[in-house]
Each structure stands twice: as structure tokens, then as C-alpha cells.
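Engineer: Okay, handing you the structure first.
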Amino acid sequence: MPKYIFVTGGVVSSLGKGITAASIGVLLKSRGLRIVHQKFDPYLNVDPGTMNPYQHGEVYVTDDGAETDLDLGHYERFTGVTTNKNCNYTAGRIYDAIIKKERRGDYLGGTVQVVPHVTTEICNSIRSVASNEVDVVICEIGGTVGDIESLPFLEALRQFRLQEGRNNVLFIHVTLIPYLKMAGEIKTKPTQHSVGKLREIGIMPDMLICRTEKHIDKDARKKISLFCNVDEEAVIEAFDAPHSIYEVPLDFAAQDIDQVIIDILGLRAGRRNLKAWRDYVDRVINAEKTVNIAIVGKYSELLDAYKSIHESLNHAGAFHSAKVKILSVSAEEIERNGADKILKDADGILVPGGFGGRGVEGKILAVKYARENKVPYFGICYGMHMAVIEFARNVLKLECADTTENNGETKYPVIHLMEEQKRIMNLGGTMRLGAFPCTLKKGTVARKAYGKDQISERHRHRYEYNNDYREQFEKAGLVVCGESPDGMLVEMVEIENHPWFVGVQFHPEFKSRPVDPHPLFRDFVGASLKQTGKK
């Protein structure tokens, strides 16, 4: 059975627990160990699927259709290990399971309490990813030590270590070592207090990951070790990576963090092999070319809303030994000032997924600009819908063509609600979610990119291309280049006689990896690079 690593955070939020957990996964996997990641979030939503991006950022979708925390994207991108619905639990999901059991009478009339019922449910959820095919489970606990919401989870971890045995469980605490500029020194006291909070709960961390903007000298390391009761070699410095988050595993490797973990847990492991990873980071650092990609979205000021798209563009840029400069463009700004002015510096234009009517006309103007000016265009989910609407209005001359999502009375519903969605009332977990197969049309840009006829991609949508207009679109040059195996659902469209213009119903950003960029992002960035010399 597997060993377990629990990653907690203290002092402040946003310290990078997800990157830490993902980086540890990279190092352990590089030594031949089979790993799986898991994330517990303390909020009461059952999943983040109905949450506003301003609250939560991107919703990451798994192959089996779970709407999950964006940290699962980090896990998959770093390690290449596919996650599933059991890799992300929220407090809401835990309590929902308990209430359903209580209503069925599973507790035999007993009083249902946080201890032992909630903590037992959490422990069982941790074990849901364990199997004989896993050597190490790396589990991140969301929130910050000291938060009320996190207490049941931390109590469950205390019990879990007691159940599994000390030699099978390792606690890693990610903390902050602030630098006081006026005093000219770093301060360890916040870390001491954070560890003290953990010890009050009954958890003694085995390792500290110390986020800092100033290097920790030997004296400070000794002080942290002494006052936090952690071996000095297990006090790990997490200095801000200057170029890319993908440098973090290499920084950890230089401090032998994986060997410390292996020694504490008594794991058998091979030699570390990070050659492919180092090669990727070298290409990122030494990129000599630059390409400007405009992301025209509803949440342009919120980077986490399009996290996987940003990372996929960076993966593709590294493939071409180029740095991708992302131009975050507000669709509403285009509505106010016009696409010509806002997008003049863009070598490629991408419209991402989304919902609702805000900024729609600006997105449509961005599509029109890309189509007419022969600028490479990539439309993802809602971005494909915008491409279809723009083509209908300006090429087919179907005035006021629209999606029924925003205009139920439109005369030309070129995008409409999926038939299976028409009787659904609840919003959470009811979209077309997860991986579905797609058949590609020979001789198309899409088929050339993938290099095969059959693909599988992840979806998250309710509305789709209206087949009633398919013949009109294809005759005018908007080609259906990918569809469901039964031919009923249009999955991909592209425009003929254009440098690169592709719209997809799915979310390819969920399958891009640093050392294996997604083929559509790879070719989109490649086509955009060809534009850089035309200005």
C-alpha cells in the first residue's frame, strides 16, 4: 500500500502549495516511483463548477467529468499523471456524502458529529486514490492553518497518521519567511507560530518549505530547525523562480528534497532523471524569439481564470524556442475602442471559453479582425461559438445571428442548447463534462496538427453548433473538421484559405504538458510566429 505525503500551508495564502506538491511529484516520479495527487478544499461548495472565476479562478475538468480545483492542472502538467474525480474533495462534497448517509439511516440513529463521522469520511476519501499501483499519495490541504474551515481536515490528518503508522505518513508545511527591508533581515517568527498552530492540533511537520525572497543563510536555517523541531536538512528554501514555475522542481532537486522524503518514508527508488525537464527549462530561459498572443476574454485582468491556456501557450512557445508574450485584452475594451486599435500588435488571437453575454460583441469583433486580416485565430469552446456567429453574420449575411444562450429569440440560432440539456434544472455538474472522442476530417489543418484520425478531448459546455446551418457554412468555407463519431455533434471548425483559423468545442488546454505541448497550441503559436515578420 502507498505512503502518504500531506502538504499544508501557513502564515498567508497563495504560497504555492500546489506548485510545491506538483514539484515533489515530478521528482519522485523521475526516480521511478508511481505517484498520484489529491487536493482537499475547505469551502462548502460541492465543487467549483458554479463558482465565479473572481472567487476561484479556472475550473479544471478531468477525463471522467469532474469539475475541480485549478491545482489539479498543475499536478497533471508537471507529472503527466491523469487525475480523476477522487483527486479533489471539498468540504461540501464531504458533508453532502455524510448527510446522504444520515438520511438513509446508515448511522443507525446515532448522533452525527465532526468527530468521528466527518473526520472518518475525510480519511476514507484520502484512501479513495490508494491502490497497489500507487507508491506515494501526495495530498494538498487547501486553506491556511488556523482557518476554522480547515480544522476538520487537519484533525482527520492527525487521526490518519495514527491509523497508518508514523513511517507511512509525512507532513510538509509550506510557510513564509518574510524579509523586512528596513531592518535588512528575514524573520522566522511567523513560521514558528504557524508550526506551533499545527502542533496544537497534534501534527508535527517533518519538513518545512520556506517561501522567501531572500536566501536563507545557515544560521537562519539552524534557528528554524531548532524552534520548529524539524531536521536541518528538511528545512527547504523555496526562492521565487526568476523565469518560470517549471524551475521549482530543479531548485528542489538541488536541495535533495526527494532524497530527504525517500529516507523519511523508507522508499525504494532509482536515480533521479530530469533531462527532459532541464531541456524544457533551458528552452524557456534561452528563448530568442518573441510572439504576441492576444487573449480576448471576459476576465482579462484575472490571470487564474485562463491559467491552463497561459501555460499551454508557454509550452508551445518553448517548443518553438520562443517566448510567448500574452496580451490580456478585455472584450469590452474592444467594444468601446474597436479591434483595429486594440489588436494591432497581436501576432495571434485567442478567444477562450466562458459564459454569458458580457463582452460578446467585442469577442465577435476580435474574430472578424482575425478573419479579415489573416491573423491566426484559435477559438476555444465559447471562442468557437463566437467564430461561428461572426461568420454567420458577416459572410453568410444572416443578420443578428446569435447563440440562444444570450438571445433566445434570435432569428438565426447558429449556436443552440444541446438537446440533452433542455430538461436540466440544476446548474452544478450538469454540463457535457469530461473526455469524449472526436473524428477528424482528412486534409484539414486539424488532422495535420494531430497526425491521426481519432482523438479524445475534454469538454465543459451546454450549447453547441446548430447542424441546421451546416450546409450553408461549409459551402461558404467554414469547414467542419472534427465531429463526434456518430456525426451528430460538431467538435471543430476551420476556415479555408487562412493562415490558421480553428475553433474547437472542447478544451485542449487541459491536455498540454511542458515536454509535450498540445498539437493545436503548438501549431497556433507556430503560425503566429510566421506573422511576426509581416508587420
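Residues are referred to by chain and number: the chain letter is A, B, ... according to the order shown in the C-alpha cells, the number counts from 1 in that chain, and ligands are numbered separately from 1 in the order shown.
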Using backbone DSSP assignments, extract all strand (DSSP E) residues from range 285-510 of chain A; output them as an MDAnalysis selection string.

Structural biologist: chainID A and resid 289:297 322:330 348:351 377:380 402:403 413:417 432:440 454:461 463:465 478:483 490:495 501:504

Engineer: For the structure I just gave you, how does DSSP split range 98-301 of chain A - specifically, which residues are alpha helix (DSSP H)? Reply as number ranges by chain.

Structural biologist: A: 98-104, 119-127, 151-164, 189-201, 218-228, 248-254, 257-265, 275-285

Engineer: Do a neighbour search on range 240-256 of chain A at 9 Å with only C-alpha atoms, toss out local chain neighbours closer than 5 positions, and write the hits as a VMD selection string.

Structural biologist: chain A and resid 19 to 20 22 to 27 78 211 to 214 233 261 272 274 277 to 278 280 to 281 284 to 285 514

Engineer: Kindly export the residues of the current selection with C-alpha atoms, as an mmCIF file, in the first residue's frame.

Structural biologist:
```
data_model
loop_
_atom_site.group_PDB
_atom_site.id
_atom_site.type_symbol
_atom_site.label_atom_id
_atom_site.label_comp_id
_atom_site.auth_asym_id
_atom_site.auth_seq_id
_atom_site.Cartn_x
_atom_site.Cartn_y
_atom_site.Cartn_z
ATOM 1 C CA ILE A 19 3.329 24.061 -7.199
ATOM 2 C CA THR A 20 5.169 22.532 -4.229
ATOM 3 C CA ALA A 22 3.421 19.133 -8.139
ATOM 4 C CA SER A 23 7.197 19.649 -7.990
ATOM 5 C CA ILE A 24 7.609 16.913 -5.393
ATOM 6 C CA GLY A 25 5.580 14.663 -7.688
ATOM 7 C CA VAL A 26 7.942 15.402 -10.589
ATOM 8 C CA LEU A 27 10.996 14.474 -8.513
ATOM 9 C CA PHE A 78 4.044 18.710 -14.012
ATOM 10 C CA ARG A 211 8.909 30.707 0.709
ATOM 11 C CA THR A 212 11.257 33.658 0.695
ATOM 12 C CA GLU A 213 12.510 36.491 -1.487
ATOM 13 C CA LYS A 214 15.887 36.466 0.291
ATOM 14 C CA GLU A 233 18.239 19.098 6.094
ATOM 15 C CA ILE A 261 11.457 12.329 1.580
ATOM 16 C CA ARG A 272 16.842 10.901 -10.489
ATOM 17 C CA LEU A 274 15.363 15.165 -15.080
ATOM 18 C CA TRP A 277 12.694 18.688 -17.731
ATOM 19 C CA ARG A 278 16.036 20.527 -17.792
ATOM 20 C CA TYR A 280 12.458 22.329 -21.403
ATOM 21 C CA VAL A 281 13.534 24.900 -18.797
ATOM 22 C CA VAL A 284 12.260 28.722 -21.780
ATOM 23 C CA ILE A 285 15.211 30.651 -20.357
ATOM 24 C CA PRO A 514 5.641 21.225 -20.754
#
```

Engineer: Find the spatial neighbours of range 437-447 of chain A, counting only C-alpha atoms, within a cut-off of 12 Å - ignore same-chain residues fewer than 2 positions away - and output them as an MDAnalysis selection string.

Structural biologist: chainID A and resid 63 378 434:435 449:459 478:506 518:524 527

Engineer: Range 69-77 of chain A: which residues within 6 Å, counting only C-alpha atoms, same-chain residues fewer than 2 positions away excluded, as a VMD selection string?

Structural biologist: chain A and resid 18 22 58 to 60 79 to 82 513

Engineer: Using only all heavy atoms, please write the residues we just selected to a file, as a compact mmCIF listing (two decimals), in the first residue's frame.

Structural biologist:
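Result went into part.txt, see below:
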```
# COMPACT_ATOMS: atom_id res chain seq x y z
N GLY A 18 0.27 24.19 -4.26
CA GLY A 18 0.03 23.36 -5.43
C GLY A 18 1.28 23.13 -6.26
O GLY A 18 1.55 22.01 -6.70
N ALA A 22 3.15 19.59 -6.77
CA ALA A 22 3.42 19.13 -8.14
C ALA A 22 4.91 18.90 -8.36
O ALA A 22 5.31 17.91 -9.00
CB ALA A 22 2.90 20.16 -9.14
N GLU A 58 -9.84 29.42 -12.58
CA GLU A 58 -10.24 28.42 -13.57
C GLU A 58 -10.85 27.17 -12.94
O GLU A 58 -10.44 26.74 -11.86
CB GLU A 58 -8.98 28.03 -14.35
CG GLU A 58 -9.10 26.82 -15.23
CD GLU A 58 -7.76 26.44 -15.82
OE1 GLU A 58 -7.00 25.68 -15.17
OE2 GLU A 58 -7.46 26.91 -16.93
N VAL A 59 -11.83 26.60 -13.61
CA VAL A 59 -12.33 25.27 -13.25
C VAL A 59 -11.63 24.26 -14.15
O VAL A 59 -11.71 24.34 -15.37
CB VAL A 59 -13.86 25.17 -13.44
CG1 VAL A 59 -14.33 23.75 -13.19
CG2 VAL A 59 -14.57 26.14 -12.50
N TYR A 60 -10.93 23.32 -13.53
CA TYR A 60 -10.18 22.32 -14.28
C TYR A 60 -11.04 21.06 -14.40
O TYR A 60 -11.60 20.58 -13.41
CB TYR A 60 -8.87 22.00 -13.57
CG TYR A 60 -7.90 21.18 -14.40
CD1 TYR A 60 -7.08 21.80 -15.34
CD2 TYR A 60 -7.81 19.80 -14.24
CE1 TYR A 60 -6.19 21.06 -16.10
CE2 TYR A 60 -6.93 19.05 -15.00
CZ TYR A 60 -6.12 19.68 -15.94
OH TYR A 60 -5.25 18.94 -16.70
N THR A 79 3.45 16.36 -13.80
CA THR A 79 3.78 14.93 -13.70
C THR A 79 3.31 14.10 -14.88
O THR A 79 3.83 13.00 -15.10
CB THR A 79 3.17 14.32 -12.43
OG1 THR A 79 1.74 14.30 -12.54
CG2 THR A 79 3.59 15.11 -11.19
N GLY A 80 2.32 14.59 -15.63
CA GLY A 80 1.76 13.80 -16.71
C GLY A 80 0.84 12.70 -16.22
O GLY A 80 0.36 11.88 -17.01
N VAL A 81 0.55 12.65 -14.91
CA VAL A 81 -0.32 11.62 -14.34
C VAL A 81 -1.76 12.14 -14.36
O VAL A 81 -2.05 13.21 -13.81
CB VAL A 81 0.09 11.27 -12.89
CG1 VAL A 81 -0.88 10.26 -12.29
CG2 VAL A 81 1.51 10.72 -12.87
N THR A 82 -2.65 11.41 -14.99
CA THR A 82 -4.04 11.84 -15.14
C THR A 82 -4.78 11.77 -13.81
O THR A 82 -4.70 10.78 -13.10
CB THR A 82 -4.76 10.95 -16.18
OG1 THR A 82 -4.07 11.04 -17.43
CG2 THR A 82 -6.20 11.41 -16.38
N ARG A 513 1.24 19.65 -21.94
CA ARG A 513 2.27 19.40 -20.94
C ARG A 513 3.56 20.12 -21.35
O ARG A 513 3.83 20.29 -22.55
CB ARG A 513 2.54 17.90 -20.82
CG ARG A 513 1.29 17.04 -20.59
CD ARG A 513 0.71 17.23 -19.21
NE ARG A 513 -0.52 16.47 -19.01
CZ ARG A 513 -1.73 16.98 -19.00
NH1 ARG A 513 -1.90 18.28 -19.21
NH2 ARG A 513 -2.79 16.22 -18.79
```

Engineer: Leaving out Met431 in chain A and any residue of its chain fewer than 3 positions from it, which residues lie within 7 Å of it when counting only C-alpha atoms, given as a VMD selection string?

Structural biologist: chain A and resid 460 to 462

Engineer: Find the spatial neighbours of Gly348 in chain A, counting only C-alpha atoms, within a cut-off of 9 Å - ignore same-chain residues fewer than 3 positions away - and output them as a list in words.

Structural biologist: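 Counting only the stated atoms, we get Val291, Asn292, Ile293, Ala294, Ile295, Ala370, Val375, Pro376, Tyr377, Phe378, Phe524, Val525, Ala527, Ser528, Leu529 and Gln531 of chain A.
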
Engineer: Save the residues we just selected, all heavy atoms, as a short mmCIF file (atom, residue, chain, number, x, y, z; two decimals), in the first residue's frame?

Structural biologist:
```cif
data_model
loop_
_atom_site.label_atom_id
_atom_site.label_comp_id
_atom_site.auth_asym_id
_atom_site.auth_seq_id
_atom_site.Cartn_x
_atom_site.Cartn_y
_atom_site.Cartn_z
N VAL A 291 6.70 36.19 -29.54
CA VAL A 291 5.46 36.25 -30.30
C VAL A 291 4.37 36.80 -29.39
O VAL A 291 4.28 36.45 -28.21
CB VAL A 291 5.09 34.85 -30.85
CG1 VAL A 291 4.91 33.84 -29.72
CG2 VAL A 291 3.84 34.91 -31.72
N ASN A 292 3.56 37.71 -29.93
CA ASN A 292 2.48 38.35 -29.16
C ASN A 292 1.16 37.64 -29.41
O ASN A 292 0.67 37.61 -30.55
CB ASN A 292 2.34 39.82 -29.55
CG ASN A 292 3.56 40.64 -29.21
OD1 ASN A 292 4.26 40.34 -28.25
ND2 ASN A 292 3.82 41.67 -29.99
N ILE A 293 0.58 37.06 -28.35
CA ILE A 293 -0.71 36.40 -28.46
C ILE A 293 -1.73 37.17 -27.62
O ILE A 293 -1.55 37.33 -26.41
CB ILE A 293 -0.64 34.94 -27.96
CG1 ILE A 293 0.40 34.14 -28.75
CG2 ILE A 293 -2.02 34.28 -28.06
CD1 ILE A 293 0.09 33.95 -30.21
N ALA A 294 -2.78 37.64 -28.26
CA ALA A 294 -3.84 38.35 -27.55
C ALA A 294 -4.91 37.36 -27.10
O ALA A 294 -5.45 36.60 -27.91
CB ALA A 294 -4.47 39.41 -28.45
N ILE A 295 -5.18 37.33 -25.79
CA ILE A 295 -6.29 36.55 -25.26
C ILE A 295 -7.43 37.52 -24.99
O ILE A 295 -7.35 38.37 -24.11
CB ILE A 295 -5.90 35.80 -23.97
CG1 ILE A 295 -4.76 34.81 -24.24
CG2 ILE A 295 -7.12 35.08 -23.38
CD1 ILE A 295 -4.32 34.03 -23.02
N ALA A 370 -9.46 39.01 -36.94
CA ALA A 370 -8.56 37.91 -37.25
C ALA A 370 -8.86 37.31 -38.61
O ALA A 370 -7.95 37.02 -39.40
CB ALA A 370 -8.65 36.83 -36.17
N VAL A 375 -4.96 37.02 -39.51
CA VAL A 375 -4.20 36.80 -38.28
C VAL A 375 -4.60 35.45 -37.71
O VAL A 375 -5.81 35.15 -37.62
CB VAL A 375 -4.49 37.91 -37.24
CG1 VAL A 375 -3.75 37.64 -35.93
CG2 VAL A 375 -4.10 39.27 -37.79
N PRO A 376 -3.67 34.57 -37.36
CA PRO A 376 -4.03 33.27 -36.79
C PRO A 376 -5.02 33.40 -35.64
O PRO A 376 -4.85 34.26 -34.76
CB PRO A 376 -2.69 32.71 -36.32
CG PRO A 376 -1.69 33.32 -37.26
CD PRO A 376 -2.20 34.71 -37.52
N TYR A 377 -6.05 32.56 -35.68
CA TYR A 377 -7.12 32.63 -34.68
C TYR A 377 -7.35 31.25 -34.08
O TYR A 377 -7.40 30.24 -34.78
CB TYR A 377 -8.42 33.13 -35.30
CG TYR A 377 -9.58 33.11 -34.31
CD1 TYR A 377 -9.72 34.11 -33.36
CD2 TYR A 377 -10.51 32.06 -34.31
CE1 TYR A 377 -10.77 34.09 -32.44
CE2 TYR A 377 -11.57 32.03 -33.41
CZ TYR A 377 -11.68 33.05 -32.47
OH TYR A 377 -12.70 33.01 -31.55
N PHE A 378 -7.54 31.23 -32.75
CA PHE A 378 -7.84 30.00 -32.03
C PHE A 378 -9.03 30.28 -31.12
O PHE A 378 -8.94 31.07 -30.18
CB PHE A 378 -6.61 29.58 -31.21
CG PHE A 378 -6.65 28.16 -30.70
CD1 PHE A 378 -7.67 27.28 -31.01
CD2 PHE A 378 -5.62 27.69 -29.88
CE1 PHE A 378 -7.68 25.97 -30.54
CE2 PHE A 378 -5.62 26.40 -29.40
CZ PHE A 378 -6.64 25.53 -29.73
N PHE A 524 -0.75 26.64 -33.52
CA PHE A 524 -1.25 28.02 -33.43
C PHE A 524 -0.10 28.98 -33.16
O PHE A 524 0.04 30.02 -33.84
CB PHE A 524 -2.31 28.11 -32.34
CG PHE A 524 -2.71 29.52 -31.99
CD1 PHE A 524 -3.25 30.37 -32.94
CD2 PHE A 524 -2.55 29.99 -30.69
CE1 PHE A 524 -3.63 31.67 -32.61
CE2 PHE A 524 -2.92 31.29 -30.35
CZ PHE A 524 -3.46 32.12 -31.31
N VAL A 525 0.74 28.66 -32.20
CA VAL A 525 1.89 29.52 -31.91
C VAL A 525 2.85 29.53 -33.09
O VAL A 525 3.42 30.57 -33.44
CB VAL A 525 2.59 29.07 -30.61
CG1 VAL A 525 3.92 29.81 -30.42
CG2 VAL A 525 1.68 29.32 -29.41
N ALA A 527 2.11 29.20 -36.27
CA ALA A 527 1.53 30.07 -37.30
C ALA A 527 1.64 31.54 -36.91
O ALA A 527 1.90 32.41 -37.76
CB ALA A 527 0.06 29.69 -37.52
N SER A 528 1.49 31.82 -35.61
CA SER A 528 1.59 33.20 -35.13
C SER A 528 3.01 33.72 -35.27
O SER A 528 3.22 34.91 -35.56
CB SER A 528 1.13 33.28 -33.67
OG SER A 528 -0.22 32.86 -33.54
N LEU A 529 3.99 32.85 -35.07
CA LEU A 529 5.39 33.25 -35.23
C LEU A 529 5.67 33.71 -36.66
O LEU A 529 6.48 34.63 -36.89
CB LEU A 529 6.32 32.10 -34.85
CG LEU A 529 6.67 31.97 -33.37
CD1 LEU A 529 7.28 30.61 -33.08
CD2 LEU A 529 7.64 33.08 -32.96
N GLN A 531 3.75 35.34 -38.43
CA GLN A 531 3.18 36.68 -38.59
C GLN A 531 4.12 37.77 -38.11
O GLN A 531 3.97 38.94 -38.49
CB GLN A 531 1.86 36.78 -37.79
CG GLN A 531 0.74 35.89 -38.30
CD GLN A 531 0.25 36.32 -39.66
OE1 GLN A 531 0.40 35.62 -40.65
NE2 GLN A 531 -0.34 37.50 -39.72
#
```
